[in-house]
file final-v4.cif (mmCIF, C-alpha atoms)
data_query
#
loop_
_atom_site.label_atom_id
_atom_site.label_comp_id
_atom_site.auth_asym_id
_atom_site.auth_seq_id
_atom_site.Cartn_x
_atom_site.Cartn_y
_atom_site.Cartn_z
CA GLY A 29 126.04 81.38 143.36
CA PRO A 30 123.07 83.32 144.66
CA VAL A 31 119.54 82.62 143.40
CA MET A 32 118.65 85.06 140.61
CA VAL A 33 115.03 84.87 139.45
CA ASN A 34 114.33 85.65 135.78
CA GLY A 35 111.36 85.01 133.56
CA SER A 36 109.00 86.47 131.00
CA VAL A 37 105.32 86.86 130.29
CA LYS A 38 104.00 87.08 126.73
CA MET A 39 100.42 87.90 125.81
CA PRO A 40 98.42 89.42 122.99
CA MET A 41 97.73 93.13 123.40
CA SER A 42 94.85 93.55 125.84
CA ALA A 43 93.47 96.55 127.70
CA ASP A 44 92.14 94.10 130.32
CA GLU A 45 95.25 92.03 130.99
CA LEU A 46 98.03 94.64 130.81
CA LEU A 47 97.12 96.50 134.00
CA GLU A 48 99.03 94.38 136.52
CA MET A 49 102.08 94.00 134.28
CA LEU A 50 102.29 97.75 133.61
CA ALA A 51 101.93 98.47 137.33
CA ILE A 52 105.00 96.33 138.15
CA THR A 53 107.03 97.60 135.16
CA ILE A 54 106.19 101.24 134.38
CA ALA A 55 104.61 102.76 137.52
CA PRO A 56 101.74 102.07 139.88
CA SER A 57 98.63 103.65 138.37
CA ALA A 58 96.60 106.09 140.39
CA ALA A 59 92.90 105.39 140.86
CA PRO A 60 91.36 105.13 137.38
CA SER A 61 89.44 108.05 135.96
CA THR A 62 86.06 107.81 134.26
CA PRO A 63 86.20 109.53 130.86
CA SER A 64 83.66 112.29 130.36
CA GLY A 65 80.33 110.82 129.33
CA ALA A 66 81.30 107.23 130.10
CA THR A 67 79.38 104.82 132.31
CA ASN A 68 81.35 101.57 132.27
CA ALA A 69 84.71 102.74 130.89
CA ARG A 70 87.71 103.40 133.14
CA GLN A 71 91.03 104.97 132.12
CA PHE A 72 94.34 103.86 133.66
CA ASP A 73 97.50 105.91 132.99
CA PHE A 74 101.05 104.62 133.50
CA THR A 75 104.02 107.00 133.21
CA PRO A 76 107.60 106.37 134.43
CA GLY A 77 108.59 108.76 137.19
CA ASN A 78 109.97 109.03 140.69
CA THR A 79 107.55 106.48 142.12
CA SER A 80 108.81 102.90 142.08
CA PRO A 81 106.60 100.34 140.31
CA ASP A 82 104.74 97.81 142.40
CA SER A 83 106.19 94.35 143.03
CA ALA A 84 104.25 91.15 142.54
CA THR A 85 104.17 87.52 143.59
CA ILE A 86 103.90 85.27 140.53
CA GLU A 87 103.02 81.58 140.69
CA ARG A 88 103.96 78.98 138.09
CA HIS A 89 103.34 75.22 137.73
CA ASP A 90 106.07 73.60 135.62
CA GLY A 91 104.42 70.18 135.55
CA ALA A 92 106.32 68.89 138.57
CA ARG A 93 106.35 71.64 141.18
CA ILE A 94 104.51 74.83 141.97
CA ARG A 95 106.86 77.78 142.30
CA ARG A 96 106.21 81.22 143.70
CA ALA A 97 108.50 84.08 142.63
CA LEU A 98 108.60 86.84 145.23
CA GLY A 99 109.30 90.55 144.76
CA VAL A 100 108.89 90.41 140.97
CA ARG A 101 109.23 93.56 138.87
CA GLY A 102 109.23 94.10 135.14
CA ASP A 103 112.57 95.04 133.61
CA THR A 104 111.61 95.28 129.92
CA VAL A 105 108.52 95.59 127.73
CA THR A 106 108.49 94.80 124.01
CA VAL A 107 105.49 95.48 121.78
CA ALA A 108 105.83 93.72 118.42
CA GLY A 109 103.10 93.59 115.81
CA SER A 110 102.14 93.91 112.17
CA ALA A 111 99.06 94.99 110.27
CA ASN A 112 98.32 91.47 108.97
CA GLY A 113 99.55 89.54 112.01
CA PRO A 114 99.44 89.39 115.82
CA ASN A 115 100.20 92.19 118.22
CA ASP A 116 102.13 90.76 121.16
CA VAL A 117 103.46 92.27 124.39
CA THR A 118 106.39 90.60 126.16
CA PHE A 119 107.52 91.53 129.68
CA GLY A 120 110.98 90.57 130.92
CA LEU A 121 110.81 89.93 134.67
CA MET A 122 113.26 89.88 137.58
CA GLY A 123 112.48 88.65 141.10
CA LEU A 124 114.03 88.40 144.55
CA ASP A 125 113.35 84.79 145.55
CA LEU A 126 111.72 81.56 144.32
CA PRO A 127 110.36 79.23 147.02
CA THR A 128 108.27 76.09 146.47
CA LEU A 129 104.54 76.10 147.19
CA GLY A 130 102.05 73.38 147.93
CA SER A 131 99.07 74.70 145.96
CA LEU A 132 98.08 77.49 143.59
CA THR A 133 96.22 80.55 144.84
CA SER A 134 92.65 80.67 143.53
CA LEU A 135 91.91 83.80 141.48
CA THR A 136 88.75 85.18 139.89
CA ASP A 137 88.41 84.36 136.20
CA ARG A 138 87.35 86.83 133.52
CA VAL A 139 87.06 86.68 129.75
CA PRO A 140 89.54 89.15 128.25
CA THR A 141 89.50 90.83 124.87
CA PHE A 142 92.62 90.85 122.72
CA MET A 143 93.72 93.27 120.00
CA GLU A 144 95.13 92.07 116.70
CA GLY A 145 97.60 93.94 114.51
CA TYR A 146 94.97 95.30 112.13
CA GLU A 147 93.29 97.10 115.05
CA THR A 148 96.20 99.57 115.23
CA LYS A 149 96.19 103.27 114.39
CA LEU A 150 99.19 105.58 113.99
CA PHE A 151 99.15 109.25 114.97
CA VAL A 152 102.12 111.62 114.62
CA ASP A 153 101.95 115.18 115.94
CA ALA A 154 104.23 118.06 116.79
CA PHE A 155 106.41 117.64 119.87
CA GLY A 156 104.54 119.12 122.81
CA GLY A 157 101.20 118.86 120.98
CA THR A 158 98.09 116.85 121.77
CA PRO A 159 98.66 113.11 121.27
CA GLY A 160 96.32 111.41 118.84
CA THR A 161 95.40 114.49 116.79
CA THR A 162 96.83 113.68 113.35
CA GLN A 163 96.22 110.15 112.10
CA TYR A 164 98.41 108.60 109.40
CA SER A 165 96.24 106.14 107.49
CA GLY A 166 97.60 103.70 104.92
CA THR A 167 101.11 104.18 106.32
CA LEU A 168 102.07 101.82 109.17
CA ILE A 169 103.14 98.24 108.26
CA ASN A 170 104.70 96.90 111.48
CA TRP A 171 106.18 98.10 114.75
CA ASN A 172 108.60 97.08 117.49
CA VAL A 173 108.68 99.21 120.65
CA LYS A 174 111.14 98.48 123.46
CA PHE A 175 111.13 99.84 127.01
CA GLY A 176 113.84 99.04 129.54
CA ASN A 177 114.25 99.86 133.23
CA GLN A 178 117.79 98.43 133.17
CA LEU A 179 117.30 96.89 136.58
CA GLY A 180 120.40 95.94 138.53
CA ARG A 181 120.72 93.45 141.38
CA LYS A 182 122.08 94.27 144.83
CA PHE A 183 123.53 91.52 147.00
CA PHE A 184 124.14 91.58 150.75
CA ALA A 185 126.20 89.24 152.88
CA ASP A 186 123.18 88.36 155.00
CA ASN A 187 120.61 87.99 152.22
CA ALA A 188 120.24 84.19 152.44
CA ASN A 189 121.89 83.51 149.07
CA LYS A 190 119.44 85.53 147.00
CA THR A 191 119.04 88.95 145.43
CA GLY A 192 118.71 91.61 148.11
CA ALA A 193 117.21 94.43 146.03
CA LEU A 194 116.41 95.45 142.44
CA ILE A 195 117.82 98.85 141.49
CA PRO A 196 116.43 100.78 138.46
CA GLY A 197 118.82 102.32 135.95
CA PRO A 198 118.23 105.02 133.33
CA VAL A 199 115.08 104.29 131.33
CA GLN A 200 115.56 103.43 127.65
CA ILE A 201 112.77 103.65 125.05
CA THR A 202 113.10 103.01 121.33
CA ALA A 203 110.57 102.30 118.57
CA ASP A 204 111.16 100.89 115.08
CA LEU A 205 108.22 101.66 112.79
CA THR A 206 107.93 100.46 109.19
CA PHE A 207 106.11 102.88 106.89
CA GLU A 208 104.78 102.44 103.36
CA ALA A 209 107.30 104.54 101.44
CA ALA A 210 104.75 106.05 99.03
CA ALA A 211 102.51 107.38 101.82
CA ALA A 212 102.47 111.16 102.29
CA GLY A 213 103.15 110.86 106.01
CA THR A 214 106.31 108.86 105.33
CA LEU A 215 107.88 111.73 103.40
CA THR A 216 106.84 114.14 106.16
CA GLU A 217 108.59 112.05 108.81
CA PHE A 218 111.64 111.43 106.61
CA ASN A 219 112.00 115.21 106.31
CA ASN A 220 111.59 115.51 110.09
CA TRP A 221 114.42 112.97 110.48
CA GLU A 222 116.67 115.02 108.21
CA SER A 223 115.90 118.23 110.11
CA GLN A 224 115.97 116.49 113.53
CA THR A 225 112.53 117.86 114.33
CA SER A 226 111.11 116.27 117.48
CA ARG A 227 107.79 114.45 117.11
CA LEU A 228 105.03 112.93 119.25
CA VAL A 229 104.02 109.41 118.18
CA ARG A 230 100.92 107.55 119.33
CA LEU A 231 100.16 103.90 118.64
CA GLU A 232 96.54 103.12 119.47
CA PHE A 233 95.42 99.52 119.70
CA GLY A 234 91.84 98.30 119.80
CA GLN A 235 88.56 100.25 119.59
CA ASN A 236 86.52 97.27 118.35
CA ALA A 237 85.18 96.04 121.72
CA VAL A 238 82.40 98.39 122.83
CA ILE A 239 82.18 99.33 126.52
CA ASP A 240 79.63 102.18 126.32
CA ALA A 241 77.44 102.47 123.24
CA GLY A 242 77.28 106.24 123.67
CA THR A 243 76.21 108.90 121.19
CA ASN A 244 77.38 109.43 117.63
CA GLU A 245 79.12 112.74 117.00
CA VAL A 246 77.28 115.30 114.86
CA GLN A 247 79.02 118.22 113.14
CA THR A 248 77.39 120.91 111.00
CA LEU A 249 78.56 123.07 108.11
CA THR A 250 76.92 126.49 107.90
CA VAL A 251 77.52 129.70 105.96
CA SER A 252 78.68 133.02 107.35
CA GLY A 253 78.06 135.96 105.05
CA THR A 254 77.33 135.56 101.37
CA VAL A 255 78.77 132.78 99.20
CA SER A 256 78.02 132.87 95.48
CA GLY A 257 80.58 130.48 93.97
CA GLY A 258 83.92 128.76 94.26
CA THR A 259 85.07 125.53 95.88
CA TYR A 260 86.09 124.16 99.27
CA ILE A 261 87.97 121.19 100.76
CA ILE A 262 87.14 119.33 103.98
CA ASN A 263 90.10 118.32 106.19
CA PHE A 264 89.94 115.44 108.68
CA ARG A 265 92.80 113.85 110.65
CA GLY A 266 95.45 115.18 108.32
CA GLN A 267 93.64 114.16 105.11
CA GLN A 268 91.83 116.28 102.53
CA THR A 269 88.79 115.57 100.39
CA ALA A 270 88.68 116.35 96.71
CA SER A 271 87.48 119.89 95.89
CA LEU A 272 83.74 120.34 96.37
CA ALA A 273 81.59 122.89 94.59
CA TYR A 274 80.30 125.65 96.85
CA ASN A 275 76.77 124.22 96.44
CA ALA A 276 77.66 120.49 96.58
CA THR A 277 74.82 118.21 97.65
CA ALA A 278 74.80 116.16 100.84
CA ALA A 279 75.46 113.04 98.76
CA ALA A 280 78.54 114.63 97.15
CA ILE A 281 79.90 115.69 100.57
CA GLN A 282 79.32 112.21 101.99
CA ALA A 283 81.07 110.54 99.05
CA ALA A 284 84.08 112.86 99.43
CA LEU A 285 84.34 112.12 103.16
CA GLU A 286 83.96 108.35 102.71
CA ALA A 287 86.82 108.42 100.20
CA LEU A 288 89.20 109.42 103.01
CA GLY A 289 91.17 106.57 104.55
CA ALA A 290 90.59 108.10 107.98
CA ILE A 291 86.81 107.68 107.55
CA GLY A 292 85.94 104.97 105.03
CA SER A 293 82.73 103.76 103.46
CA GLY A 294 79.68 103.58 105.72
CA ASN A 295 81.29 105.49 108.59
CA VAL A 296 79.67 108.88 108.00
CA ALA A 297 76.22 110.11 106.90
CA VAL A 298 75.56 113.60 105.53
CA THR A 299 72.09 115.13 105.39
CA GLY A 300 70.66 118.58 104.69
CA GLY A 301 72.25 120.90 102.17
CA ALA A 302 72.89 122.04 99.69
CA LEU A 303 75.08 124.84 101.00
CA PRO A 304 75.00 127.78 101.14
CA GLY A 305 71.20 127.84 101.38
CA THR A 306 70.77 124.93 103.80
CA PRO A 307 73.27 123.73 106.43
CA ALA A 308 74.83 120.27 105.97
CA THR A 309 74.84 117.83 108.90
CA ILE A 310 77.64 115.25 109.25
CA THR A 311 76.94 112.26 111.52
CA PHE A 312 79.77 109.84 112.31
CA GLN A 313 78.70 106.19 112.49
CA GLY A 314 79.90 102.63 111.85
CA ALA A 315 83.54 102.29 112.93
CA LEU A 316 83.42 105.90 114.19
CA ALA A 317 80.19 105.47 116.17
CA GLY A 318 80.30 106.61 119.79
CA LEU A 319 83.71 108.26 119.40
CA ASP A 320 84.81 111.81 120.18
CA VAL A 321 86.40 112.57 116.79
CA PRO A 322 88.28 115.76 115.79
CA ALA A 323 86.23 118.50 114.17
CA VAL A 324 86.59 118.79 110.41
CA THR A 325 88.09 121.99 109.08
CA ILE A 326 87.45 123.85 105.82
CA THR A 327 89.95 125.15 103.28
CA SER A 328 88.03 127.32 100.83
CA SER A 329 88.33 129.32 97.63
CA LEU A 330 84.86 130.85 97.80
CA THR A 331 83.53 133.95 96.12
CA GLY A 332 81.07 136.45 97.51
CA GLY A 333 82.93 137.32 100.71
CA GLY A 334 81.45 134.62 102.96
CA SER A 335 82.85 131.45 104.52
CA TYR A 336 81.76 128.03 105.74
CA LEU A 337 81.84 127.36 109.48
CA VAL A 338 82.03 124.08 111.43
CA ALA A 339 80.21 123.44 114.71
CA THR A 340 79.79 120.32 116.88
CA PRO A 341 76.29 120.45 118.41
CA THR A 342 76.53 116.80 119.53
CA PRO A 343 79.98 115.59 120.66
CA GLY A 344 80.63 111.88 120.35
CA VAL A 345 80.28 110.05 123.65
CA GLY A 346 81.01 106.38 124.08
CA TYR A 347 84.07 104.32 124.81
CA ARG A 348 85.66 101.17 123.50
CA LYS A 349 88.50 99.11 124.89
CA ALA A 350 91.80 100.57 123.77
CA VAL A 351 95.48 100.80 124.64
CA GLN A 352 97.34 103.99 123.75
CA LEU A 353 101.13 104.20 123.72
CA ASP A 354 102.50 107.77 123.50
CA ILE A 355 106.21 108.34 122.80
CA PRO A 356 107.73 111.79 122.22
CA GLY A 357 111.15 111.76 120.61
CA ASN A 358 113.42 112.18 117.61
CA TRP A 359 113.81 109.95 114.57
CA SER A 360 117.32 108.61 115.17
CA ALA A 361 117.81 106.55 111.99
CA THR A 362 116.14 105.49 108.75
CA ASP A 363 116.53 102.31 106.71
CA LEU A 364 115.38 102.80 103.12
CA ASN A 365 116.45 99.36 101.89
CA LYS A 366 113.32 97.37 102.76
CA ASP A 367 110.26 96.08 100.91
CA ASP A 368 106.90 94.54 101.78
CA GLN A 369 104.92 92.49 99.26
CA GLY A 370 106.96 93.99 96.44
CA THR A 371 106.54 97.63 97.44
CA ARG A 372 109.16 99.86 98.99
CA VAL A 373 108.88 100.47 102.73
CA TYR A 374 111.03 102.56 105.07
CA GLN A 375 111.92 101.78 108.68
CA LEU A 376 112.21 104.81 110.95
CA SER A 377 113.71 104.44 114.42
CA LEU A 378 112.45 106.70 117.21
CA GLN A 379 114.54 107.56 120.30
CA TYR A 380 112.42 108.91 123.14
CA LEU A 381 112.83 112.44 124.46
CA TYR A 382 111.17 113.81 127.58
CA ASP A 383 108.30 116.14 126.64
CA PRO A 384 108.05 118.92 129.28
CA THR A 385 104.74 120.19 127.88
CA ASN A 386 102.98 116.84 128.23
CA ALA A 387 105.19 115.91 131.21
CA PHE A 388 106.17 112.44 130.03
CA GLY A 389 108.78 110.59 127.99
CA LEU A 390 106.43 107.62 127.67
CA ARG A 391 102.79 107.09 128.56
CA TRP A 392 100.71 103.93 128.50
CA ARG A 393 96.96 104.40 128.71
CA ALA A 394 94.50 101.51 129.05
CA ILE A 395 90.77 102.08 128.58
CA THR A 396 88.81 99.11 129.90
CA ASN A 397 85.72 98.26 131.92
CA ARG A 398 87.81 96.90 134.77
CA THR A 399 87.44 99.11 137.82
CA ALA A 400 90.65 98.25 139.70
CA ILE A 401 94.06 96.65 139.35
CA TYR A 402 94.71 93.35 141.18
CA SER A 403 91.03 92.39 141.09
#
call {"tool": "encode", "arguments": {"input": "final-v4.cif", "output": "structure tokens"}}
result
Amino acid sequence: GPVMVNGSVKMPMSADELLEMLAITIAPSAAPSTPSGATNARQFDFTPGNTSPDSATIERHDGARIRRALGVRGDTVTVAGSANGPNDVTFGLMGLDLPTLGSLTSLTDRVPTFMEGYETKLFVDAFGGTPGTTQYSGTLINWNVKFGNQLGRKFFADNANKTGALIPGPVQITADLTFEAAAAGTLTEFNNWESQTSRLVRLEFGQNAVIDAGTNEVQTLTVSGTVSGGTYIINFRGQQTASLAYNATAAAIQAALEALGAIGSGNVAVTGGALPGTPATITFQGALAGLDVPAVTITSSLTGGGSYLVATPTPGVGYRKAVQLDIPGNWSATDLNKDDQGTRVYQLSLQYLYDPTNAFGLRWRAITNRTAIYS
């Protein structure tokens, strides 16, 4: 029968090494953008659309012969990882022809950075919203995301006994995410499954390898009007602090913020205060250093007619290597009969749905200090 070239590439998650594989599987990326305030960082976006992915020539030495696969495209991508394990990406490949070579092509070496499972963050937002707004901490256990082009092979009578063309089919995207059952976000998404409410999921990998040191974000709390008593709560990435007295000290505010899973100990410093007489200044640091983080919000039960306001005099600037995978869709199924280390976990399955507001049904984003693909 005709020659039909198949293969696969498996690698740990890497903002550096995914670029070429995404370009031959998802779509050819446009020229990378430089995020606002960045010096070394570059952002590459890959979204399926009407433009065919690139094709590649891939060389392989099997110990006896050097082979070169021509016209190779990616048919599938699988991202499989867990919080206490690896985070691997596997590409299923299809090619047009496989001739023998005499020697390998010399390429430029670089030292990549890889992203383990624990370096993963989960965000879930309203369908059509801004990806990466609401983080679910203490929720995600493991994940398995599958993308398929459903490539078909065309054969022609004069094609020299090989595949003549690779034809894309309808794109398929599914994601199985395992959530800690007791987490608040799990109940929220279970209810969204019951009501068939569309959601926007982001898996973000990385953020530990610094590209640009940048500037730490500074936010301030000030008073408008007169405040004479009562309490308030600080909200950050979908989490709430314990109630704070209207005149809580900077130390009390810092302790309340550090108690949030979305912040953590040592990742914020609070100075100034106490409100309402003196503004409080919140500086993000540690794991949140050099990041553009969402502004905190205030939920208050204050007396005296005034309110507390939030401002960001110094936005966070600075970028770290990251891969972001955005999938809008509906929860299509739930499996409640699972456990992890003796605690109940739920598996929710997401079926992608095209998001007309964000104009994608899937988006890969790689932030790296590489300046070009195929270099």
call {"tool": "atom_distance", "arguments": {"input": "final-v4.cif", "atom1": "CA of Phe183 (chain A)", "atom2": "CA of Lys38 (chain A)"}}
result
28.5 Å
call {"tool": "residues_around", "arguments": {"input": "final-v4.cif", "residues": "Gln369 (chain A)", "least_positions_apart": "5", "cutoff": "12 Å", "atoms": "only C-alpha atoms", "output": "VMD selection string"}}
result
chain A and resid 112 169 208
call {"tool": "resolve_selection", "arguments": {"input": "final-v4.cif", "expression": "the PyMOL selection byres ((chain A and resi 286) around 12)", "output": "ChimeraX atom specification"}}
result
/A:262,264,267-270,279-285,287-298,310-316
call {"tool": "residues_around", "arguments": {"input": "final-v4.cif", "residues": "Leu353 (chain A)", "least_positions_apart": "4", "cutoff": "12 Å", "atoms": "all atoms listed in the file", "output": "JSON, numbers by chain"}}
result
{"A": [41, 43, 50, 73, 74, 75, 106, 107, 148, 149, 150, 151, 152, 159, 160, 171, 173, 174, 175, 201, 203, 228, 229, 230, 231, 232, 233, 234, 388, 389, 390, 391, 392, 393, 394, 395]}
call {"tool": "write_last_selection", "arguments": {"input": "final-v4.cif", "atoms": "C-alpha atoms", "output": "short mmCIF file (atom, residue, chain, number, x, y, z; two decimals), keeping the file's coordinate frame"}}
result
data_model
loop_
_atom_site.label_atom_id
_atom_site.label_comp_id
_atom_site.auth_asym_id
_atom_site.auth_seq_id
_atom_site.Cartn_x
_atom_site.Cartn_y
_atom_site.Cartn_z
CA MET A 41 97.73 93.13 123.40
CA ALA A 43 93.47 96.55 127.70
CA LEU A 50 102.29 97.75 133.61
CA ASP A 73 97.50 105.91 132.99
CA PHE A 74 101.05 104.62 133.50
CA THR A 75 104.02 107.00 133.21
CA THR A 106 108.49 94.80 124.01
CA VAL A 107 105.49 95.48 121.78
CA THR A 148 96.20 99.57 115.23
CA LYS A 149 96.19 103.27 114.39
CA LEU A 150 99.19 105.58 113.99
CA PHE A 151 99.15 109.25 114.97
CA VAL A 152 102.12 111.62 114.62
CA PRO A 159 98.66 113.11 121.27
CA GLY A 160 96.32 111.41 118.84
CA TRP A 171 106.18 98.10 114.75
CA VAL A 173 108.68 99.21 120.65
CA LYS A 174 111.14 98.48 123.46
CA PHE A 175 111.13 99.84 127.01
CA ILE A 201 112.77 103.65 125.05
CA ALA A 203 110.57 102.30 118.57
CA LEU A 228 105.03 112.93 119.25
CA VAL A 229 104.02 109.41 118.18
CA ARG A 230 100.92 107.55 119.33
CA LEU A 231 100.16 103.90 118.64
CA GLU A 232 96.54 103.12 119.47
CA PHE A 233 95.42 99.52 119.70
CA GLY A 234 91.84 98.30 119.80
CA PHE A 388 106.17 112.44 130.03
CA GLY A 389 108.78 110.59 127.99
CA LEU A 390 106.43 107.62 127.67
CA ARG A 391 102.79 107.09 128.56
CA TRP A 392 100.71 103.93 128.50
CA ARG A 393 96.96 104.40 128.71
CA ALA A 394 94.50 101.51 129.05
CA ILE A 395 90.77 102.08 128.58
#
call {"tool": "residues_around", "arguments": {"input": "final-v4.cif", "residues": "Ile261 (chain A)", "least_positions_apart": "4", "cutoff": "6 Å", "atoms": "all atoms listed in the file", "output": "ChimeraX atom specification"}}
result
/A:269,271,326-327
call {"tool": "resolve_selection", "arguments": {"input": "final-v4.cif", "expression": "the PyMOL selection byres ((chain A and resi 179) around 7)", "output": "list in words"}}
result
Asp103, Asn177, Gln178, Gly180, Arg181, Leu194, Ile195, Pro196 and Gly197 of chain A
call {"tool": "residues_around", "arguments": {"input": "final-v4.cif", "residues": "region 212-226 of chain A", "least_positions_apart": "5", "cutoff": "6 Å", "atoms": "only C-alpha atoms", "output": "number ranges by chain"}}
result
A: 155, 357-359
call {"tool": "resolve_selection", "arguments": {"input": "final-v4.cif", "expression": "the PyMOL selection byres ((chain A and resi 299) around 6)", "output": "list in words"}}
result
Ala278, Val298, Gly300, Ala308 and Thr309 of chain A
call {"tool": "axis_aligned_box", "arguments": {"input": "final-v4.cif", "around": "region 223-240 of chain A", "padding_each_side": "3 Å", "output": "JSON"}}
result
{"center_x": 97.8, "center_y": 107.1, "center_z": 118.3, "size_x": 42.3, "size_y": 28.2, "size_z": 22.4}
call {"tool": "residues_around", "arguments": {"input": "final-v4.cif", "residues": "Ala69 (chain A)", "least_positions_apart": "4", "cutoff": "9 Å", "atoms": "only C-alpha atoms", "output": "ChimeraX atom specification"}}
result
/A:61-63,239-240,346-349,395-399
call {"tool": "atom_distance", "arguments": {"input": "final-v4.cif", "atom1": "CA of Pro140 (chain A)", "atom2": "CA of Val117 (chain A)"}}
result
14.8 Å
call {"tool": "atom_distance", "arguments": {"input": "final-v4.cif", "atom1": "CA of Leu132 (chain A)", "atom2": "CA of Ile86 (chain A)"}}
result
10.2 Å
call {"tool": "closest_residue", "arguments": {"input": "final-v4.cif", "among": "A:Ser403, A:Gln379, A:Gln200, A:Asn187", "to": "Leu124 (chain A)", "atoms": "all atoms listed in the file"}}
result
A:Asn187
call {"tool": "closest_residue", "arguments": {"input": "final-v4.cif", "among": "A:Ala97, A:Val139, A:Leu205, A:Ala188", "to": "Gly109 (chain A)", "atoms": "only C-alpha atoms"}}
result
A:Leu205
call {"tool": "closest_atom_pairs", "arguments": {"input": "final-v4.cif", "of": "region 95-209 of chain A", "to": "region 78-85 of chain A", "cutoff": "7 Å", "atoms": "all atoms listed in the file", "output": "tab-separated table"}}
result
residue	atom	partner	partner_atom	distance
A:Arg96	CA	A:Thr85	CA	6.6
A:Ala97	CA	A:Thr85	CA	5.6
A:Leu98	CA	A:Thr85	CA	4.8
A:Gly99	CA	A:Ser83	CA	5.2
A:Val100	CA	A:Ala84	CA	5.0
A:Arg101	CA	A:Ser83	CA	5.2
call {"tool": "closest_residue", "arguments": {"input": "final-v4.cif", "among": "A:Gly257, A:Pro384, A:Pro76, A:Gly65", "to": "Ala241 (chain A)", "atoms": "only C-alpha atoms"}}
result
A:Gly65
call {"tool": "closest_residue", "arguments": {"input": "final-v4.cif", "among": "A:Ala350, A:Leu135, A:Leu168, A:Leu121", "to": "Gln235 (chain A)", "atoms": "only C-alpha atoms"}}
result
A:Ala350
call {"tool": "closest_residue", "arguments": {"input": "final-v4.cif", "among": "A:Met49, A:Ala59, A:Ala323, A:Ala66", "to": "Gly102 (chain A)", "atoms": "only C-alpha atoms"}}
result
A:Met49
call {"tool": "closest_residue", "arguments": {"input": "final-v4.cif", "among": "A:Ala273, A:Ile94, A:Ala111, A:Ala400", "to": "Ser256 (chain A)", "atoms": "only C-alpha atoms"}}
result
A:Ala273
call {"tool": "residues_near_point", "arguments": {"input": "final-v4.cif", "point": "(112.9, 85.9, 134.1)", "cutoff": "7 Å", "atoms": "only C-alpha atoms", "output": "list in words"}}
result
Val33, Asn34, Gly35, Ser36, Gly120, Leu121 and Met122 of chain A
